[in-house]
Amino acid sequence: MIEIETDVLVVGAGGAGMYAGVAAAREGARVLLADKSMVGRGGATIMAQMTVAAALGEQGPDDWTRHLADTLEAGRGLVDERLAALLCEGAVERIRELDEWKVGWARDADGRMRQVTAPGHGAPRCVYVDFLNTGPAVAQCLRRQSARTPGITKASGLSVTDLVTNDGVIAGAVGFRLEDGAAVAVAARAVVLATGGLTRLYRRNSASANMTGEGYALALRAGAELIDMEFPQFFPIGHLAPRLVGMDPIMWDPFRYKLGGRLLNAAGEEFVHRYGGEDEGRYVTTRDVISYAITKEVEAGRATEGGGVYLSFEHLGEGELREAFGPVVDRLAANGIDLTRRPIEVSPIAHYHMGGVRVDAEMSTGVPGLYAAGEAVGGASGANRLSGNAIPEALVFGETAGRHAARSAGKAGRSAWSQEAARPHLGRLAANGGRREASGGRRTAGAAGSRPVAGAALGELRAELADLMWEDVGVLRTGAGLASALDRIRALRLRLEVTPVPGEGPYPLARQDWFDLRGGLMAAESIALAALRRTESRGAHQREDYPDTDPGQARSQRVRLDPDGRLACEWMPPCPSPG
Ligand SMILES: Cc1cc2nc3c(=O)[nH]c(=O)nc-3n(C[C@H](O)[C@H](O)[C@H](O)COP(=O)(O)OP(=O)(O)OC[C@H]3O[C@@H](n4cnc5c(N)ncnc54)[C@H](O)[C@@H]3O)c2cc1C
């Protein structure tokens with residue numbers, strides 16, 4: 001077993017994790033920056049396309065309080081105003097800091113940063129580097145900065161499977177190294193969870209393989225709470241048809257920023273206005289409304305052949321397309337797509353999670369020494385996130401979490417690490433881990449001994465989960481569907497618990513799948529549970545049996561894990577405002 005000791009362990013190295021690492025190291029802490037993928041190359045940050053919102057006022061008057069007002073309005077009454085204020089005010093400083101670190105924000109000839117208006121923003125507020133490559137540039141800049149900052153040790157390919165607490169205080173984490181399957185124990189005085197989102201739980205998603213929701217379960221098992229779990233965000237215009245190879249399914253977002261484009265049903269009619277939005281060739285309506293509108297059109301039998309709606313740029317000439325998107329037009333042509341001649345088909349895909357770990361304005365989870373940041377955190381977007389707010393959330397919350405985690409580690413003195421506390425978690429990773437039960441160290445009755453489970457069996461569980469999440473916990477929900485989903489998720493959890501943890505060895509991908517599923521199932525159960533209890537429609541949570549918004553439910557719900565292993569969900573008081 002590999003044993004490591006550090007001041008601050010950062011779990012997950014996307015935008016939030018890397019910024020947390022830099023901020024903690026700037027405070028003088030020794031930092032271990034761990035990622036089950038490659039540091040700075042896994043997760044959503046590197047996939048981000050274009051928009052990064054910050055009220056810089058480079059293209060006209062703007063102010064962070066206006067950004068906050070737009071964020072609150074988009075969140076449909078559920079935004080935690082303290083977190084949103086932190087995000088909107090802090091975004092300005094973080095974007096300027098990345099500028100100093102030479103991220104390369106696009107600029108006009110006169111040197112002002114370019115800012116575009118995204119749906120729901122009342123001003124041109126979103127900076128970008130390049131219209132399809134902003135995420136890679138941000139990730140590269142933060143990789144460079146974390147390499148330059150003394151005190152940061154990077155650990156790519158380290159999958160964290162459990163946080164370790166001792167008497168309720170964070171003590172570190174355990175996991176395994178992908179390269180050789182070796183168990184790893186990290187004693188840490190503070191931990192930052194920056195594990196990103198969960199959209200891979202859904203059949204149609206914009207996620208990479210590692211966005212499985214593990215972080216939410218790590219938090220719950222360590223004693224932290226989750227909020228707003230019923231609000232995964234669906235990106236309305238995910239690519240559906242024709243076949244598109246080598247390009248991202250959410251690439252039509254930048255097209256719409258620049259060129260507008262018309263959303264049409266199979267009969268060629270514009271329809272968003274029927275559902276309370278306005279579109280008419282402009283890109284102004286927020287994601288929750290458009291996702292709902294598209295899903296309802298499909299349900300009403302006005303779907304395209306592929307099962308979505310059309311997005312048309314046919315009114316534009318090739319010259320305009322080339323001027324806006326240059327060589328991208330050739331990449332589309334290689335896919336047989338000529339936007340001047342035919343529309344493409346789009347429909348919603350799971351894209352982001354508004355819910356997540358409950359934190360205060362220092363990003364503390366309430367478990368001493370445990371902090372969270374980025375998409376793993378819930379509350380800043382309420383029931384619906386504005387385009388462009390997620391990257392700033394990762395940067396601002398990452399910086400805040402890292403700074404406070406380092407200070408907490410400094411105050412902690414001795415590490416709370418205890419071999420005794422880590423033992424049950426390490427047991428699952430030991431050489432005979434395959435014979436151990438998921439929820440404890442006992443032998444598993446009736447399980448298939450230590451034989452590794454075929455990846456296919458885990459694949460089947462994952463596919464079943466993705467299907468039921470899409471069908472019953474997706475854009476349109478009903479009480480009956482949610483109740484059935486909850487039962488099936490719980491049954492899947494039981495099936496996984498009696499499935500031995502696949503064995504060790506180099507690149508134990510089946511083992512990784514097992515842990516991903518363990519976390520993902522707990523996250524999925526949290527979503528279904530909270531969605532079933534919310535008997536109204538609000539933002540991304542649309543109940544067909546409760547189509548109206550109920551002012552009495554303008555409150556968040558929190559989820560915790562009880563000692564008996566059951567998830568409990570309860571209403572919280574109305575959202576606190578900073579006063
Ligand atoms: C295709 C796409 C395009 C997007 N475009 C935009 C955009 O234009 N503007 C915008 O604002 N937002 C955009 N978003 C959303 C935004 O990118 C994310 O919300 C944000 O990057 C999240 O950053 P993060 O650091 O919290 O998480 P991530 O960048 O997802 O990083 C999380 C990391 O945690 C690691 N991890 C997870 N579990 C473990 C574990 N158990 N052990 C070790 N490591 C672990 C993962 O490997 C991953 O590297 C987009 C998202 C996607 C998917």
# chains A, B, ... in the order shown; residues from 1 in each chain; ligands from 1

call {"tool": "residues_near_ligand", "arguments": {"ligand": "ligand 1", "cutoff": "6 Å", "atoms": "only C-alpha atoms and all ligand atoms", "output": "PyMOL selection string"}}
result
chain A and resi 11-17+34-37+42-45+47-52+158-161+194-197+206-207+210+214-215+351+374-376+388-391+394

call {"tool": "select_by_dssp", "arguments": {"residues": "stretch 1-205 of chain A", "states": "alpha helix (DSSP H)", "output": "number ranges by chain"}}
result
A: 15-26, 64-74, 81-100, 134-148

call {"tool": "closest_residue", "arguments": {"among": "A:Leu316, A:Val192, A:Val284, A:Leu240", "to": "A:Ala303", "atoms": "only C-alpha atoms"}}
result
A:Leu240

call {"tool": "closest_residue", "arguments": {"among": "A:Gly246, A:Gly382, A:Gly301, A:Gly317", "to": "A:Ala334", "atoms": "only C-alpha atoms"}}
result
A:Gly246

call {"tool": "select_by_dssp", "arguments": {"residues": "stretch 168-408 of chain A", "states": "strand (DSSP E or B)", "output": "ChimeraX atom specification"}}
result
/A:169-177,183-193,205,226-227,232-241,262-264,309-312,344-353,356-357,364,370-372,377

call {"tool": "closest_residue", "arguments": {"among": "A:Met251, A:Met1, A:Leu339, A:Leu321", "to": "A:Arg177", "atoms": "only C-alpha atoms"}}
result
A:Met1

call {"tool": "atom_distance", "arguments": {"atom1": "atom CA of A:Ala324", "atom2": "atom CA of A:Val346"}}
result
20.7 Å

call {"tool": "residues_around", "arguments": {"residues": "A:Glu536", "least_positions_apart": "2", "cutoff": "10 Å", "atoms": "only C-alpha atoms", "output": "ChimeraX atom specification"}}
result
/A:531-534,538,541-554

call {"tool": "closest_residue", "arguments": {"among": "A:Pro348, A:Gly319, A:Pro242, A:Gly175", "to": "A:Ala293", "atoms": "only C-alpha atoms"}}
result
A:Pro348

call {"tool": "closest_residue", "arguments": {"among": "A:Ala24, A:Arg221, A:Gln59, A:Trp571", "to": "A:Asp110", "atoms": "only C-alpha atoms"}}
result
A:Gln59

call {"tool": "atom_distance", "arguments": {"atom1": "atom CA of A:Cys126", "atom2": "atom CA of A:Ala109"}}
result
17.7 Å

call {"tool": "closest_residue", "arguments": {"among": "A:Ala466, A:Ala20, A:Leu163, A:Ala84", "to": "A:Asp360", "atoms": "only C-alpha atoms"}}
result
A:Ala84

call {"tool": "residues_around", "arguments": {"residues": "stretch 383-385 of chain A", "least_positions_apart": "6", "cutoff": "9 Å", "atoms": "only C-alpha atoms", "output": "ChimeraX atom specification"}}
result
/A:71,74-79,228,230-233,286-288,352-355,538-541

call {"tool": "write_last_selection", "arguments": {"atoms": "N, CA, C and O atoms", "output": "PDB file, in the first residue's frame"}}
result
ATOM      1  N   THR A  71     -28.733  36.077 -12.316  1.00  0.00           N
ATOM      2  CA  THR A  71     -28.560  34.710 -11.792  1.00  0.00           C
ATOM      3  C   THR A  71     -29.724  34.338 -10.878  1.00  0.00           C
ATOM      4  O   THR A  71     -30.247  33.217 -10.934  1.00  0.00           O
ATOM      5  N   ALA A  74     -32.863  33.716 -13.024  1.00  0.00           N
ATOM      6  CA  ALA A  74     -32.798  32.429 -13.738  1.00  0.00           C
ATOM      7  C   ALA A  74     -33.022  31.260 -12.790  1.00  0.00           C
ATOM      8  O   ALA A  74     -33.554  30.224 -13.185  1.00  0.00           O
ATOM      9  N   GLY A  75     -32.630  31.413 -11.532  1.00  0.00           N
ATOM     10  CA  GLY A  75     -32.689  30.306 -10.561  1.00  0.00           C
ATOM     11  C   GLY A  75     -34.065  30.030 -10.010  1.00  0.00           C
ATOM     12  O   GLY A  75     -34.240  29.120  -9.191  1.00  0.00           O
ATOM     13  N   ARG A  76     -35.064  30.813 -10.438  1.00  0.00           N
ATOM     14  CA  ARG A  76     -36.483  30.556 -10.112  1.00  0.00           C
ATOM     15  C   ARG A  76     -36.754  30.454  -8.617  1.00  0.00           C
ATOM     16  O   ARG A  76     -37.431  29.538  -8.149  1.00  0.00           O
ATOM     17  N   GLY A  77     -36.145  31.377  -7.857  1.00  0.00           N
ATOM     18  CA  GLY A  77     -36.495  31.485  -6.436  1.00  0.00           C
ATOM     19  C   GLY A  77     -35.738  30.555  -5.511  1.00  0.00           C
ATOM     20  O   GLY A  77     -35.973  30.543  -4.306  1.00  0.00           O
ATOM     21  N   LEU A  78     -34.808  29.786  -6.027  1.00  0.00           N
ATOM     22  CA  LEU A  78     -34.119  28.825  -5.158  1.00  0.00           C
ATOM     23  C   LEU A  78     -32.631  29.105  -4.968  1.00  0.00           C
ATOM     24  O   LEU A  78     -31.943  28.334  -4.305  1.00  0.00           O
ATOM     25  N   VAL A  79     -32.138  30.182  -5.554  1.00  0.00           N
ATOM     26  CA  VAL A  79     -30.695  30.431  -5.484  1.00  0.00           C
ATOM     27  C   VAL A  79     -30.282  30.789  -4.052  1.00  0.00           C
ATOM     28  O   VAL A  79     -30.947  31.584  -3.388  1.00  0.00           O
ATOM     29  N   ASP A 228     -30.634  20.622  -3.346  1.00  0.00           N
ATOM     30  CA  ASP A 228     -31.145  20.852  -4.713  1.00  0.00           C
ATOM     31  C   ASP A 228     -30.848  19.692  -5.660  1.00  0.00           C
ATOM     32  O   ASP A 228     -30.626  19.893  -6.864  1.00  0.00           O
ATOM     33  N   GLU A 230     -32.687  17.573  -6.994  1.00  0.00           N
ATOM     34  CA  GLU A 230     -33.674  17.301  -8.045  1.00  0.00           C
ATOM     35  C   GLU A 230     -33.445  18.128  -9.306  1.00  0.00           C
ATOM     36  O   GLU A 230     -34.223  18.049 -10.245  1.00  0.00           O
ATOM     37  N   PHE A 231     -32.351  18.896  -9.346  1.00  0.00           N
ATOM     38  CA  PHE A 231     -32.177  19.833 -10.461  1.00  0.00           C
ATOM     39  C   PHE A 231     -30.955  19.591 -11.355  1.00  0.00           C
ATOM     40  O   PHE A 231     -30.111  20.475 -11.502  1.00  0.00           O
ATOM     41  N   PRO A 232     -30.827  18.420 -11.985  1.00  0.00           N
ATOM     42  CA  PRO A 232     -29.832  18.348 -13.062  1.00  0.00           C
ATOM     43  C   PRO A 232     -30.317  19.246 -14.202  1.00  0.00           C
ATOM     44  O   PRO A 232     -31.524  19.398 -14.397  1.00  0.00           O
ATOM     45  N   GLN A 233     -29.370  19.840 -14.905  1.00  0.00           N
ATOM     46  CA  GLN A 233     -29.766  20.731 -16.009  1.00  0.00           C
ATOM     47  C   GLN A 233     -29.706  19.995 -17.340  1.00  0.00           C
ATOM     48  O   GLN A 233     -28.739  19.272 -17.614  1.00  0.00           O
ATOM     49  N   THR A 286     -33.956  30.972 -21.653  1.00  0.00           N
ATOM     50  CA  THR A 286     -33.084  30.148 -20.808  1.00  0.00           C
ATOM     51  C   THR A 286     -33.302  28.648 -21.071  1.00  0.00           C
ATOM     52  O   THR A 286     -34.300  28.233 -21.641  1.00  0.00           O
ATOM     53  N   ARG A 287     -32.342  27.859 -20.564  1.00  0.00           N
ATOM     54  CA  ARG A 287     -32.290  26.439 -20.916  1.00  0.00           C
ATOM     55  C   ARG A 287     -33.493  25.650 -20.422  1.00  0.00           C
ATOM     56  O   ARG A 287     -33.971  24.736 -21.113  1.00  0.00           O
ATOM     57  N   ASP A 288     -33.986  25.972 -19.219  1.00  0.00           N
ATOM     58  CA  ASP A 288     -35.098  25.184 -18.672  1.00  0.00           C
ATOM     59  C   ASP A 288     -36.322  25.296 -19.569  1.00  0.00           C
ATOM     60  O   ASP A 288     -36.968  24.307 -19.899  1.00  0.00           O
ATOM     61  N   TYR A 352     -25.393  19.398 -16.836  1.00  0.00           N
ATOM     62  CA  TYR A 352     -24.784  20.072 -15.678  1.00  0.00           C
ATOM     63  C   TYR A 352     -25.648  19.732 -14.479  1.00  0.00           C
ATOM     64  O   TYR A 352     -26.798  19.330 -14.624  1.00  0.00           O
ATOM     65  N   HIS A 353     -25.099  19.898 -13.275  1.00  0.00           N
ATOM     66  CA  HIS A 353     -25.932  19.662 -12.097  1.00  0.00           C
ATOM     67  C   HIS A 353     -25.987  20.907 -11.217  1.00  0.00           C
ATOM     68  O   HIS A 353     -24.963  21.362 -10.714  1.00  0.00           O
ATOM     69  N   MET A 354     -27.204  21.432 -11.031  1.00  0.00           N
ATOM     70  CA  MET A 354     -27.361  22.596 -10.150  1.00  0.00           C
ATOM     71  C   MET A 354     -27.205  22.183  -8.694  1.00  0.00           C
ATOM     72  O   MET A 354     -26.779  22.967  -7.858  1.00  0.00           O
ATOM     73  N   GLY A 355     -27.624  20.959  -8.360  1.00  0.00           N
ATOM     74  CA  GLY A 355     -27.536  20.502  -6.970  1.00  0.00           C
ATOM     75  C   GLY A 355     -26.124  20.083  -6.611  1.00  0.00           C
ATOM     76  O   GLY A 355     -25.224  20.073  -7.451  1.00  0.00           O
ATOM     77  N   ARG A 538     -40.685  23.659 -11.465  1.00  0.00           N
ATOM     78  CA  ARG A 538     -39.854  24.847 -11.233  1.00  0.00           C
ATOM     79  C   ARG A 538     -38.531  24.614 -11.960  1.00  0.00           C
ATOM     80  O   ARG A 538     -37.872  23.602 -11.741  1.00  0.00           O
ATOM     81  N   GLY A 539     -38.159  25.551 -12.838  1.00  0.00           N
ATOM     82  CA  GLY A 539     -36.868  25.444 -13.511  1.00  0.00           C
ATOM     83  C   GLY A 539     -36.707  24.111 -14.218  1.00  0.00           C
ATOM     84  O   GLY A 539     -37.546  23.689 -15.006  1.00  0.00           O
ATOM     85  N   ALA A 540     -35.620  23.421 -13.924  1.00  0.00           N
ATOM     86  CA  ALA A 540     -35.326  22.166 -14.614  1.00  0.00           C
ATOM     87  C   ALA A 540     -36.141  20.993 -14.090  1.00  0.00           C
ATOM     88  O   ALA A 540     -36.032  19.884 -14.617  1.00  0.00           O
ATOM     89  N   HIS A 541     -36.908  21.203 -13.050  1.00  0.00           N
ATOM     90  CA  HIS A 541     -37.743  20.128 -12.496  1.00  0.00           C
ATOM     91  C   HIS A 541     -39.175  20.334 -12.973  1.00  0.00           C
ATOM     92  O   HIS A 541     -39.875  21.236 -12.492  1.00  0.00           O
TER      93      HIS A 541
END

call {"tool": "residues_around", "arguments": {"residues": "A:Ile2", "least_positions_apart": "4", "cutoff": "10 Å", "atoms": "only C-alpha atoms", "output": "ChimeraX atom specification"}}
result
/A:174-177,182-186

call {"tool": "atom_distance", "arguments": {"atom1": "atom CA of A:Ser418", "atom2": "atom CA of A:Leu218"}}
result
18.2 Å

call {"tool": "residues_around", "arguments": {"residues": "A:Glu27", "least_positions_apart": "3", "cutoff": "7 Å", "atoms": "only C-alpha atoms", "output": "PyMOL selection string"}}
result
chain A and resi 23-24+403+406

call {"tool": "residues_around", "arguments": {"residues": "stretch 86-91 of chain A", "least_positions_apart": "4", "cutoff": "10 Å", "atoms": "only C-alpha atoms", "output": "PyMOL selection string"}}
result
chain A and resi 52-56+63-69+71+81-82+95-97+361-362+380-381+389-397+399-400

call {"tool": "write_last_selection", "arguments": {"atoms": "N, CA, C and O atoms", "output": "compact mmCIF listing (two decimals), in the first residue's frame"}}
result
# COMPACT_ATOMS: atom_id res chain seq x y z
N VAL A 52 -17.86 32.25 -20.56
CA VAL A 52 -17.41 32.39 -19.18
C VAL A 52 -17.90 33.75 -18.69
O VAL A 52 -17.38 34.79 -19.08
N ALA A 53 -18.93 33.74 -17.83
CA ALA A 53 -19.61 34.99 -17.48
C ALA A 53 -18.88 35.73 -16.36
O ALA A 53 -18.53 35.13 -15.33
N ALA A 54 -18.66 37.01 -16.56
CA ALA A 54 -18.10 37.88 -15.51
C ALA A 54 -18.42 39.32 -15.90
O ALA A 54 -18.20 39.72 -17.05
N ALA A 55 -18.92 40.10 -14.94
CA ALA A 55 -19.35 41.47 -15.23
C ALA A 55 -18.13 42.39 -15.28
O ALA A 55 -17.91 43.22 -14.40
N LEU A 56 -17.34 42.24 -16.34
CA LEU A 56 -16.12 43.04 -16.48
C LEU A 56 -16.43 44.42 -17.06
O LEU A 56 -15.63 45.35 -16.91
N ASP A 63 -22.00 45.39 -14.09
CA ASP A 63 -21.63 45.42 -12.69
C ASP A 63 -22.00 44.06 -12.11
O ASP A 63 -22.99 43.47 -12.53
N TRP A 64 -21.22 43.56 -11.12
CA TRP A 64 -21.50 42.20 -10.64
C TRP A 64 -22.88 42.09 -10.00
O TRP A 64 -23.48 41.01 -10.00
N THR A 65 -23.43 43.19 -9.51
CA THR A 65 -24.76 43.10 -8.90
C THR A 65 -25.83 42.85 -9.98
O THR A 65 -26.86 42.22 -9.71
N ARG A 66 -25.57 43.32 -11.20
CA ARG A 66 -26.51 43.03 -12.31
C ARG A 66 -26.38 41.56 -12.71
O ARG A 66 -27.38 40.90 -13.01
N HIS A 67 -25.18 41.06 -12.69
CA HIS A 67 -24.96 39.62 -12.95
C HIS A 67 -25.70 38.79 -11.90
O HIS A 67 -26.37 37.81 -12.20
N LEU A 68 -25.61 39.25 -10.66
CA LEU A 68 -26.30 38.55 -9.56
C LEU A 68 -27.82 38.58 -9.79
O LEU A 68 -28.49 37.54 -9.64
N ALA A 69 -28.34 39.75 -10.16
CA ALA A 69 -29.79 39.84 -10.38
C ALA A 69 -30.23 38.86 -11.47
O ALA A 69 -31.26 38.19 -11.33
N THR A 71 -28.73 36.08 -12.32
CA THR A 71 -28.56 34.71 -11.79
C THR A 71 -29.72 34.34 -10.88
O THR A 71 -30.25 33.22 -10.93
N GLU A 81 -28.39 33.05 -2.18
CA GLU A 81 -27.89 34.35 -2.62
C GLU A 81 -26.45 34.59 -2.15
O GLU A 81 -25.67 35.26 -2.82
N ARG A 82 -26.09 34.02 -1.00
CA ARG A 82 -24.69 34.21 -0.53
C ARG A 82 -23.72 33.60 -1.53
O ARG A 82 -22.68 34.19 -1.87
N ILE A 95 -11.35 36.08 -13.48
CA ILE A 95 -11.15 36.19 -14.93
C ILE A 95 -9.95 37.09 -15.21
O ILE A 95 -9.14 36.83 -16.10
N ARG A 96 -9.81 38.13 -14.39
CA ARG A 96 -8.65 39.02 -14.59
C ARG A 96 -7.37 38.29 -14.17
O ARG A 96 -6.31 38.49 -14.77
N GLU A 97 -7.46 37.46 -13.15
CA GLU A 97 -6.25 36.73 -12.75
C GLU A 97 -5.83 35.74 -13.85
O GLU A 97 -4.65 35.63 -14.19
N ALA A 361 -20.29 30.06 2.81
CA ALA A 361 -19.57 30.97 1.90
C ALA A 361 -18.05 30.75 1.93
O ALA A 361 -17.32 31.34 1.14
N GLU A 362 -17.57 29.91 2.86
CA GLU A 362 -16.13 29.52 2.83
C GLU A 362 -15.95 28.18 2.14
O GLU A 362 -14.87 27.61 2.17
N ALA A 380 -25.77 27.62 -5.89
CA ALA A 380 -25.51 28.92 -6.52
C ALA A 380 -26.42 29.18 -7.71
O ALA A 380 -26.57 30.32 -8.14
N SER A 381 -27.02 28.13 -8.27
CA SER A 381 -27.86 28.32 -9.45
C SER A 381 -29.32 27.99 -9.20
O SER A 381 -30.14 28.12 -10.11
N ASN A 389 -22.16 30.46 -16.34
CA ASN A 389 -21.90 30.61 -14.91
C ASN A 389 -21.12 29.44 -14.30
O ASN A 389 -20.70 29.52 -13.15
N ALA A 390 -20.94 28.36 -15.06
CA ALA A 390 -20.34 27.17 -14.45
C ALA A 390 -18.81 27.26 -14.36
O ALA A 390 -18.22 26.84 -13.37
N ILE A 391 -18.18 27.80 -15.39
CA ILE A 391 -16.72 27.93 -15.31
C ILE A 391 -16.35 28.93 -14.21
O ILE A 391 -15.49 28.63 -13.36
N PRO A 392 -17.00 30.11 -14.15
CA PRO A 392 -16.69 31.01 -13.01
C PRO A 392 -16.96 30.35 -11.66
O PRO A 392 -16.21 30.55 -10.70
N GLU A 393 -18.02 29.54 -11.60
CA GLU A 393 -18.30 28.84 -10.33
C GLU A 393 -17.11 27.94 -9.97
O GLU A 393 -16.67 27.91 -8.81
N ALA A 394 -16.59 27.24 -10.95
CA ALA A 394 -15.44 26.36 -10.68
C ALA A 394 -14.24 27.19 -10.20
O ALA A 394 -13.57 26.85 -9.21
N LEU A 395 -13.99 28.32 -10.87
CA LEU A 395 -12.80 29.12 -10.55
C LEU A 395 -12.96 29.80 -9.18
O LEU A 395 -12.06 29.73 -8.33
N VAL A 396 -14.11 30.45 -8.98
CA VAL A 396 -14.30 31.23 -7.75
C VAL A 396 -14.41 30.30 -6.53
O VAL A 396 -13.74 30.51 -5.51
N PHE A 397 -15.24 29.27 -6.66
CA PHE A 397 -15.42 28.38 -5.51
C PHE A 397 -14.13 27.58 -5.25
O PHE A 397 -13.80 27.26 -4.12
N GLU A 399 -11.03 28.63 -5.76
CA GLU A 399 -10.09 29.52 -5.05
C GLU A 399 -10.50 29.66 -3.59
O GLU A 399 -9.67 29.57 -2.67
N THR A 400 -11.80 29.86 -3.36
CA THR A 400 -12.29 30.06 -1.98
C THR A 400 -12.05 28.79 -1.15
O THR A 400 -11.56 28.87 -0.01

call {"tool": "decode", "arguments": {"residues": "stretch 39-95 of chain A", "atoms": "C-alpha atoms", "output": "JSON list (two decimals), in the first residue's frame"}}
result
[["chain", "number", "residue", "atom", "x", "y", "z"],
["A", 39, "VAL", "CA", -4.71, 16.20, -13.79],
["A", 40, "GLY", "CA", -6.30, 19.04, -15.76],
["A", 41, "ARG", "CA", -7.40, 16.82, -18.62],
["A", 42, "GLY", "CA", -10.44, 14.96, -17.30],
["A", 43, "GLY", "CA", -13.92, 16.18, -16.42],
["A", 44, "ALA", "CA", -15.95, 19.03, -17.84],
["A", 45, "THR", "CA", -13.58, 21.99, -17.64],
["A", 46, "ILE", "CA", -11.50, 20.95, -20.61],
["A", 47, "MET", "CA", -14.71, 20.32, -22.58],
["A", 48, "ALA", "CA", -16.22, 23.78, -22.04],
["A", 49, "GLN", "CA", -16.92, 25.48, -25.30],
["A", 50, "MET", "CA", -17.28, 29.18, -25.16],
["A", 51, "THR", "CA", -18.94, 31.19, -22.45],
["A", 52, "VAL", "CA", -17.41, 32.39, -19.18],
["A", 53, "ALA", "CA", -19.61, 34.99, -17.48],
["A", 54, "ALA", "CA", -18.10, 37.88, -15.51],
["A", 55, "ALA", "CA", -19.35, 41.47, -15.23],
["A", 56, "LEU", "CA", -16.12, 43.04, -16.48],
["A", 57, "GLY", "CA", -17.91, 45.81, -18.36],
["A", 58, "GLU", "CA", -15.45, 45.63, -21.25],
["A", 59, "GLN", "CA", -18.18, 45.96, -23.90],
["A", 60, "GLY", "CA", -20.48, 48.42, -22.12],
["A", 61, "PRO", "CA", -21.62, 49.21, -18.62],
["A", 62, "ASP", "CA", -21.98, 46.21, -16.34],
["A", 63, "ASP", "CA", -21.63, 45.42, -12.69],
["A", 64, "TRP", "CA", -21.50, 42.20, -10.64],
["A", 65, "THR", "CA", -24.76, 43.10, -8.90],
["A", 66, "ARG", "CA", -26.51, 43.03, -12.31],
["A", 67, "HIS", "CA", -24.96, 39.62, -12.95],
["A", 68, "LEU", "CA", -26.30, 38.55, -9.56],
["A", 69, "ALA", "CA", -29.79, 39.84, -10.38],
["A", 70, "ASP", "CA", -29.82, 37.81, -13.63],
["A", 71, "THR", "CA", -28.56, 34.71, -11.79],
["A", 72, "LEU", "CA", -31.27, 35.04, -9.16],
["A", 73, "GLU", "CA", -33.97, 35.46, -11.77],
["A", 74, "ALA", "CA", -32.80, 32.43, -13.74],
["A", 75, "GLY", "CA", -32.69, 30.31, -10.56],
["A", 76, "ARG", "CA", -36.48, 30.56, -10.11],
["A", 77, "GLY", "CA", -36.49, 31.49, -6.44],
["A", 78, "LEU", "CA", -34.12, 28.83, -5.16],
["A", 79, "VAL", "CA", -30.70, 30.43, -5.48],
["A", 80, "ASP", "CA", -28.59, 30.64, -2.33],
["A", 81, "GLU", "CA", -27.89, 34.35, -2.62],
["A", 82, "ARG", "CA", -24.69, 34.21, -0.53],
["A", 83, "LEU", "CA", -23.14, 31.72, -2.94],
["A", 84, "ALA", "CA", -24.41, 33.49, -6.05],
["A", 85, "ALA", "CA", -23.05, 36.83, -4.80],
["A", 86, "LEU", "CA", -19.69, 35.19, -4.15],
["A", 87, "LEU", "CA", -19.75, 33.75, -7.67],
["A", 88, "CYS", "CA", -20.72, 36.97, -9.46],
["A", 89, "GLU", "CA", -18.41, 39.27, -7.51],
["A", 90, "GLY", "CA", -15.50, 36.82, -7.48],
["A", 91, "ALA", "CA", -15.79, 36.03, -11.20],
["A", 92, "VAL", "CA", -14.41, 39.46, -12.08],
["A", 93, "GLU", "CA", -11.22, 38.92, -10.07],
["A", 94, "ARG", "CA", -10.71, 35.34, -11.23],
["A", 95, "ILE", "CA", -11.15, 36.19, -14.93]]
